[in-house]
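Read the structure below first, then the notes.
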Amino acid sequence: MKRKYFKYINGLALACVLMVSCNKEVLDRPPLTQIIDGEFWRGEDDVRMYANSYYTNFFTGYNSGFGVDYTPVRGYTFSDDLTGKNVQINFESSVPTSRGSVSEAADWMGTYAGPTWDFAWIRKSNVMIERLDNVVKPKLTTEAYNHWSAVARFYRGFEYSRLVSVFGDVPYFDKVPSDTDLPYLYKDRDNRGVVMDKVYDDFKFVMANMRENDGVQVLNKYIAAAFISRLMLFEGTYEHYHGIDAARAKKYLEFAVEAANYVIASNKYNFSRDFKSIFSSDNLAGHPEVLLYRTYDAALGVTHSIGSYQNGTEVVGVDANLVLMKSFIVSDGKVWQNSTVPAANSFSIADLVKTRDSRFEASFYDKALPASATLLYGFKYASREALTYIGKTYPAAWGSNTNTSDAPIIRLAEVVLNWIEAKAVLAQYFSGPAVTQADIDKSINAIRNRPLDAAAIAKGVVKTAPLSLGALPVDPARDSDVPELIWEIRRERRMEFVFEYSRLLDLKRWKKLNYMNFSTNPDYFLGPWVNVQTEAAVYLTPANATAKNVKVKKADGTIVTYDGTNASAMVGYWMITNATNRNAFTDRAYLAPVGQAQIIQYQDKGYKLTQTTGW
């Protein structure tokens, strides 16, 4: 049976949270009860139980049931990779009435699903630190005390990284305030650099004191280091590309390299299994690339629905556009414009599957499906078997909210891509050591050298040629302000993380939200090259002929609209039904505003909460 790090957490975690505080409003919480102070903190078992409650909040995985917040496929659909029918989802355009009080640590990752101005998990970590110092320390060994202090500081740093990435400047709290300490309770924002320096200090403490092994499927130094590489890369590149603080950017990027290298140099993880196995396995125990995963088990009532949304029938609503398709490298390691691979310049689904990097075949179904707005259907998170049930009754594993595939939380591919990007930025802009071919070989090329599964090989898929520093691809689509190597590292992230958390976050930290303006490239409104009559005949109906909403675009830009008589002429790039651009947005979209209710709450107590710049 799978070992479940959530199986004993769900109930106990809730109890722990409630013991700390039943009210999650930021600045108005009742005092701690005598049950906690007098009876709970008895030793390491109690500390561990308290820490268990962090898991489902920080390591969401595929959520549970029909929950989709902070999940791949459904929770992270707001990016330039995906296009839906009609008007695209808009950026926030006005200050909300309230930011709410429900805290989800994962929304630091940049999903548009409503960032929250909430410090409940900061308070929880500060409670843990204070109880360790003032109550339970005499009952622990020095090693145990240091480890659990590191755990608390890791989560505090994680949550502050989230808050800073969403709001910029935020108030920094490093202690549990009394109800009467109003100046501290209602302090205004601290500069993001000040806050992130505190985070940096917390993470340094983590790397010096957290256990390398605290049990199976439990937070340890390797897992923490992997997340630290993510968080420090984000802040370092954000501060660099936004011109905020060069010294801090360098410091954070150097720490990203250090943390990632700790994982890489351990040789505990490797790329010896195929890409598809990471996302469609019922049991990730022992997977050599996965540092931490969330497990699901129908017998325990812990299931999800994410696999169902890529089973070939269910509709997500936004799907892969032609811009994303064109970004995939060809198997010879060249961009499609320069490749010598036969059919490299074809954008039919069948040719894309055979000519592009193998992750394309592992991420997208090899036939046009009407369940996709673009006709290219994602199935990265469903098994190959799941697609055999199209038109039939799905088994529980791939239908409804009864899926049991395990969710990778953090994996080696992200660590090595964080590492190589941080090194490249340091070399390019901060006089850091030059990136070597050996660096590329143990990061990008190690990923490309994953084994292929039998199904991919049978389709003619081959491994992508290694990236060579001496012969970087010449990409006519490259932004002039992005060096060639960094451009290729960004491409690798895009191919690796399709449908995952990172794309919008990457655009934010690179200061490239202009990619979200779909008026800059008509390919955002197109799907693959299709023969509608043979690949998507379900669209050739009298109703659609009357509505004139089934269209293809020829290579020369000519648009052909289905009128009921021209089915044979419907060959070209699929035009996404009625797709139009989102509303105009400005640079203020990089950070979110605080709600009016939060500002008024400060005012009612005689204090001021500054609104986010630009709002």
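Identifiers for the structure tokens are assigned positionally: chains receive A, B, ... in sequence, residues are indexed from 1 per chain, and ligands are indexed from 1 in the order shown.
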
Open item on the list: For region 414-419 of chain A, find every residue with an atom within 9 Å (counting only C-alpha atoms), except residues of its own chain fewer than 4 positions away, and show them as a PyMOL selection string.
Closed with: chain A and resi 225-227+229-230+233+253+256-261+263-264+410+423-424+442-444+447+489-490+492-493+496-497

Selection from above, N, CA, C and O atoms, as a compact mmCIF listing (two decimals), in the first residue's frame, can you write it?
# COMPACT_ATOMS: atom_id res chain seq x y z
N ALA A 225 15.54 22.39 0.04
CA ALA A 225 16.50 23.02 -0.87
C ALA A 225 15.91 23.18 -2.26
O ALA A 225 16.15 24.18 -2.95
N ALA A 226 15.15 22.18 -2.70
CA ALA A 226 14.51 22.27 -4.02
C ALA A 226 13.57 23.46 -4.07
O ALA A 226 13.57 24.24 -5.05
N PHE A 227 12.75 23.64 -3.04
CA PHE A 227 11.84 24.78 -3.01
C PHE A 227 12.60 26.10 -2.86
O PHE A 227 12.23 27.12 -3.44
N SER A 229 15.47 26.76 -4.09
CA SER A 229 15.98 27.11 -5.41
C SER A 229 14.90 27.80 -6.24
O SER A 229 15.17 28.75 -6.99
N ARG A 230 13.66 27.35 -6.11
CA ARG A 230 12.54 27.98 -6.82
C ARG A 230 12.29 29.40 -6.32
O ARG A 230 12.18 30.35 -7.10
N LEU A 233 15.25 31.81 -7.00
CA LEU A 233 15.32 32.15 -8.42
C LEU A 233 14.25 33.18 -8.76
O LEU A 233 14.53 34.15 -9.49
N LEU A 253 20.17 34.93 -6.25
CA LEU A 253 20.50 34.00 -7.33
C LEU A 253 21.64 33.06 -6.92
O LEU A 253 21.63 31.86 -7.25
N ALA A 256 20.10 30.47 -4.89
CA ALA A 256 19.37 29.52 -5.72
C ALA A 256 20.31 28.46 -6.28
O ALA A 256 19.99 27.26 -6.30
N VAL A 257 21.47 28.89 -6.74
CA VAL A 257 22.48 27.96 -7.25
C VAL A 257 22.93 27.01 -6.14
O VAL A 257 23.02 25.79 -6.33
N GLU A 258 23.21 27.57 -4.98
CA GLU A 258 23.69 26.76 -3.84
C GLU A 258 22.66 25.71 -3.44
O GLU A 258 23.00 24.53 -3.24
N ALA A 259 21.41 26.14 -3.30
CA ALA A 259 20.37 25.20 -2.85
C ALA A 259 20.13 24.11 -3.88
O ALA A 259 20.01 22.93 -3.54
N ALA A 260 20.05 24.51 -5.16
CA ALA A 260 19.84 23.51 -6.21
C ALA A 260 21.01 22.55 -6.28
O ALA A 260 20.82 21.32 -6.44
N ASN A 261 22.21 23.06 -6.14
CA ASN A 261 23.39 22.20 -6.22
C ASN A 261 23.43 21.19 -5.08
O ASN A 261 23.95 20.08 -5.25
N VAL A 263 20.95 19.58 -3.95
CA VAL A 263 20.15 18.44 -4.41
C VAL A 263 20.88 17.68 -5.51
O VAL A 263 20.98 16.46 -5.48
N ILE A 264 21.40 18.42 -6.49
CA ILE A 264 22.04 17.80 -7.64
C ILE A 264 23.26 16.98 -7.23
O ILE A 264 23.44 15.83 -7.64
N ILE A 410 7.48 18.24 -6.07
CA ILE A 410 8.73 18.89 -6.51
C ILE A 410 9.60 17.80 -7.10
O ILE A 410 9.66 16.68 -6.56
N LYS A 423 22.53 30.26 -12.75
CA LYS A 423 23.94 30.36 -13.17
C LYS A 423 24.08 31.23 -14.42
O LYS A 423 25.01 32.04 -14.52
N ALA A 424 23.17 31.06 -15.38
CA ALA A 424 23.26 31.83 -16.62
C ALA A 424 23.03 33.31 -16.39
O ALA A 424 23.72 34.16 -16.98
N LYS A 442 24.49 18.37 -17.44
CA LYS A 442 23.84 17.80 -16.26
C LYS A 442 22.53 18.50 -15.91
O LYS A 442 21.93 18.19 -14.88
N SER A 443 22.08 19.37 -16.78
CA SER A 443 20.78 20.01 -16.58
C SER A 443 19.89 19.77 -17.80
O SER A 443 19.18 18.76 -17.86
N ILE A 444 19.96 20.63 -18.79
CA ILE A 444 19.10 20.51 -19.96
C ILE A 444 19.30 19.18 -20.68
O ILE A 444 18.33 18.48 -21.02
N ILE A 447 17.92 16.14 -18.89
CA ILE A 447 16.46 16.05 -19.05
C ILE A 447 16.12 15.45 -20.42
O ILE A 447 15.29 14.55 -20.55
N ILE A 489 17.14 28.32 -22.25
CA ILE A 489 16.76 27.84 -20.92
C ILE A 489 15.28 28.10 -20.68
O ILE A 489 14.55 27.25 -20.15
N ARG A 490 14.81 29.28 -21.11
CA ARG A 490 13.39 29.60 -20.97
C ARG A 490 12.54 28.66 -21.82
O ARG A 490 11.45 28.24 -21.40
N GLU A 492 13.27 25.59 -22.54
CA GLU A 492 13.26 24.30 -21.87
C GLU A 492 12.24 24.27 -20.75
O GLU A 492 11.54 23.26 -20.56
N ARG A 493 12.15 25.35 -20.00
CA ARG A 493 11.14 25.43 -18.94
C ARG A 493 9.74 25.33 -19.54
O ARG A 493 8.85 24.67 -18.99
N GLU A 496 9.00 21.76 -20.53
CA GLU A 496 8.97 20.87 -19.38
C GLU A 496 7.74 21.07 -18.52
O GLU A 496 7.18 20.11 -17.97
N PHE A 497 7.28 22.31 -18.37
CA PHE A 497 6.26 22.63 -17.37
C PHE A 497 4.89 22.94 -17.95
O PHE A 497 4.08 23.61 -17.30

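For Phe154 (chain A), the list of residues within 9 Å, based on only C-alpha atoms and with local chain neighbours fewer than 5 positions off taken out, reads Ser125, Ser149, Glu159, Val199, Asp202, Phe203, Phe205, Val206, Ala224 and Ile228 of chain A.
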
Open item on the list: Based on the backbone DSSP call, show me all residues of region 219-460 of chain A assigned strand (DSSP E), as a list in words.
Closed with: Val290, Leu291, Leu292, Tyr293, Arg294, Val318, Asp319, Ala320, Ala407, Pro408, Ile409, Ile410 and Arg411 of chain A

Task: Selection: 9 Å around Ile390 (chain A), only C-alpha atoms, excl. self and same-chain fewer than 6 positions, as a ChimeraX atom specification - done: /A:311-313

- [ ] Pick out each residue of region 341-549 of chain A that DSSP on the backbone tags as helix (DSSP H, G or I); I need them as number ranges by chain.
- [x] A: 349-355, 358-363, 385-389, 396-398, 412-429, 437-441, 444-448, 454-458, 469-471, 484-496, 503-509, 513-516, 518-520, 522-525, 532-535, 537-539, 542-547

Which polymer residues have any atom within 10 Å of an atom of Ser93 (chain A), counting only C-alpha atoms, with same-chain residues fewer than 4 positions away left out, as an mmCIF file with C-alpha atoms, in the first residue's frame?
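So the final result, stored in result_29.cif, reads:
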data_model
loop_
_atom_site.group_PDB
_atom_site.id
_atom_site.type_symbol
_atom_site.label_atom_id
_atom_site.label_comp_id
_atom_site.auth_asym_id
_atom_site.auth_seq_id
_atom_site.Cartn_x
_atom_site.Cartn_y
_atom_site.Cartn_z
ATOM 1 C CA ASN A 583 -8.684 43.803 -22.124
ATOM 2 C CA ALA A 584 -5.686 46.118 -22.090
ATOM 3 C CA PHE A 585 -3.497 45.953 -18.988
ATOM 4 C CA THR A 586 -0.492 47.849 -17.666
ATOM 5 C CA ARG A 588 0.578 47.373 -12.420
ATOM 6 C CA ALA A 589 -0.623 43.846 -13.284
ATOM 7 C CA ALA A 592 -2.015 42.755 -6.860
ATOM 8 C CA PRO A 593 -3.893 45.436 -4.938
ATOM 9 C CA TRP A 615 -3.449 50.877 -7.621
#

TODO: May I ask for the distance between CA of Ser405 (chain A) and CA of Ser331 (chain A), given in Å to one decimal place?
DONE: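 Rounded to one decimal, the two atoms are 29.3 Å apart.
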
TODO: Just the residues within 8 Å of Pro408 (chain A), please, counting only C-alpha atoms, with nothing from its chain fewer than 3 positions along; format it as a list in words.
DONE: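 Contacts, in chain order: Gly61, Ile278, Phe279, Leu284, Val290, Leu292, Tyr293, Arg294 and Arg411 of chain A.
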
Open item on the list: When you look at Ala438 (chain A) with a cut-off of 12 Å (counting only C-alpha atoms), what residues show up, excluding the ones that are within fewer than 2 positions of it in the same chain? I need them as a PyMOL selection string.
Closed with: chain A and resi 420+434-436+440-446+466-469

Task: Contacts of Ala350 (chain A) within 9 Å, only C-alpha atoms, excl. fewer than 4 positions in-chain, as a ChimeraX atom specification - done: /A:354-355,366-367

All heavy atoms of the current selection, written as an mmCIF file, in the first residue's frame:
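The file below, selection_36.cif, is the result:
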data_model
loop_
_atom_site.group_PDB
_atom_site.id
_atom_site.type_symbol
_atom_site.label_atom_id
_atom_site.label_comp_id
_atom_site.auth_asym_id
_atom_site.auth_seq_id
_atom_site.Cartn_x
_atom_site.Cartn_y
_atom_site.Cartn_z
ATOM 1 N N LYS A 354 5.691 13.481 -34.079
ATOM 2 C CA LYS A 354 6.870 12.750 -34.549
ATOM 3 C C LYS A 354 8.133 13.594 -34.634
ATOM 4 O O LYS A 354 9.246 13.060 -34.555
ATOM 5 C CB LYS A 354 6.585 12.144 -35.928
ATOM 6 C CG LYS A 354 5.603 10.981 -35.907
ATOM 7 C CD LYS A 354 5.447 10.350 -37.264
ATOM 8 C CE LYS A 354 4.772 11.284 -38.257
ATOM 9 N NZ LYS A 354 4.490 10.614 -39.559
ATOM 10 N N THR A 355 7.978 14.917 -34.787
ATOM 11 C CA THR A 355 9.151 15.749 -35.047
ATOM 12 C C THR A 355 9.616 16.577 -33.864
ATOM 13 O O THR A 355 10.775 17.003 -33.833
ATOM 14 C CB THR A 355 8.870 16.717 -36.213
ATOM 15 O OG1 THR A 355 7.801 17.607 -35.852
ATOM 16 C CG2 THR A 355 8.496 15.952 -37.476
ATOM 17 N N ASP A 366 -2.496 12.502 -29.808
ATOM 18 C CA ASP A 366 -1.985 12.525 -31.175
ATOM 19 C C ASP A 366 -3.058 12.671 -32.253
ATOM 20 O O ASP A 366 -2.776 12.532 -33.435
ATOM 21 C CB ASP A 366 -1.128 11.287 -31.456
ATOM 22 C CG ASP A 366 -1.897 9.984 -31.264
ATOM 23 O OD1 ASP A 366 -3.131 10.026 -31.044
ATOM 24 O OD2 ASP A 366 -1.259 8.911 -31.329
ATOM 25 N N LYS A 367 -4.279 12.980 -31.838
ATOM 26 C CA LYS A 367 -5.358 13.244 -32.787
ATOM 27 C C LYS A 367 -6.130 14.477 -32.341
ATOM 28 O O LYS A 367 -6.159 14.803 -31.152
ATOM 29 C CB LYS A 367 -6.319 12.051 -32.872
ATOM 30 C CG LYS A 367 -5.696 10.763 -33.394
ATOM 31 C CD LYS A 367 -6.721 9.643 -33.416
ATOM 32 C CE LYS A 367 -6.111 8.349 -33.962
ATOM 33 N NZ LYS A 367 -5.023 7.833 -33.103
#

TODO: Work out how far CA of Asn191 (chain A) is from CA of Phe430 (chain A), in Å to one decimal.
DONE: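 That distance, rounded to one decimal, is 23.1 Å.
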
- [ ] Just give me the gap between CA of Asp197 (chain A) and CA of Arg248 (chain A) in Å, one decimal is fine.
- [x]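 So the answer is 8.2 Å.
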
Open item on the list: Please determine, counting only C-alpha atoms, which residue among A:Leu505, A:Leu591, A:Ile486, A:Val302 has the shortest atom-to-atom distance to Gln611 (chain A).
Closed with: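 Result for the nearest residue to Gln611 (chain A): A:Leu591.
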
Write out, as a Markdown table, each residue of region 72-157 of chain A that has an atom at most 8 Å from region 168-190 of chain A, together with the closest pair of atoms and their distance in Å to one decimal, counting only C-alpha atoms, rows going by chain and rising number.
| residue | atom | partner | partner_atom | distance |
| --- | --- | --- | --- | --- |
| A:Ile122 | CA | A:Phe173 | CA | 7.5 |
| A:Arg123 | CA | A:Val176 | CA | 6.3 |
| A:Asn126 | CA | A:Lys175 | CA | 5.5 |
| A:Val127 | CA | A:Val176 | CA | 6.2 |
| A:Glu130 | CA | A:Lys175 | CA | 7.5 |
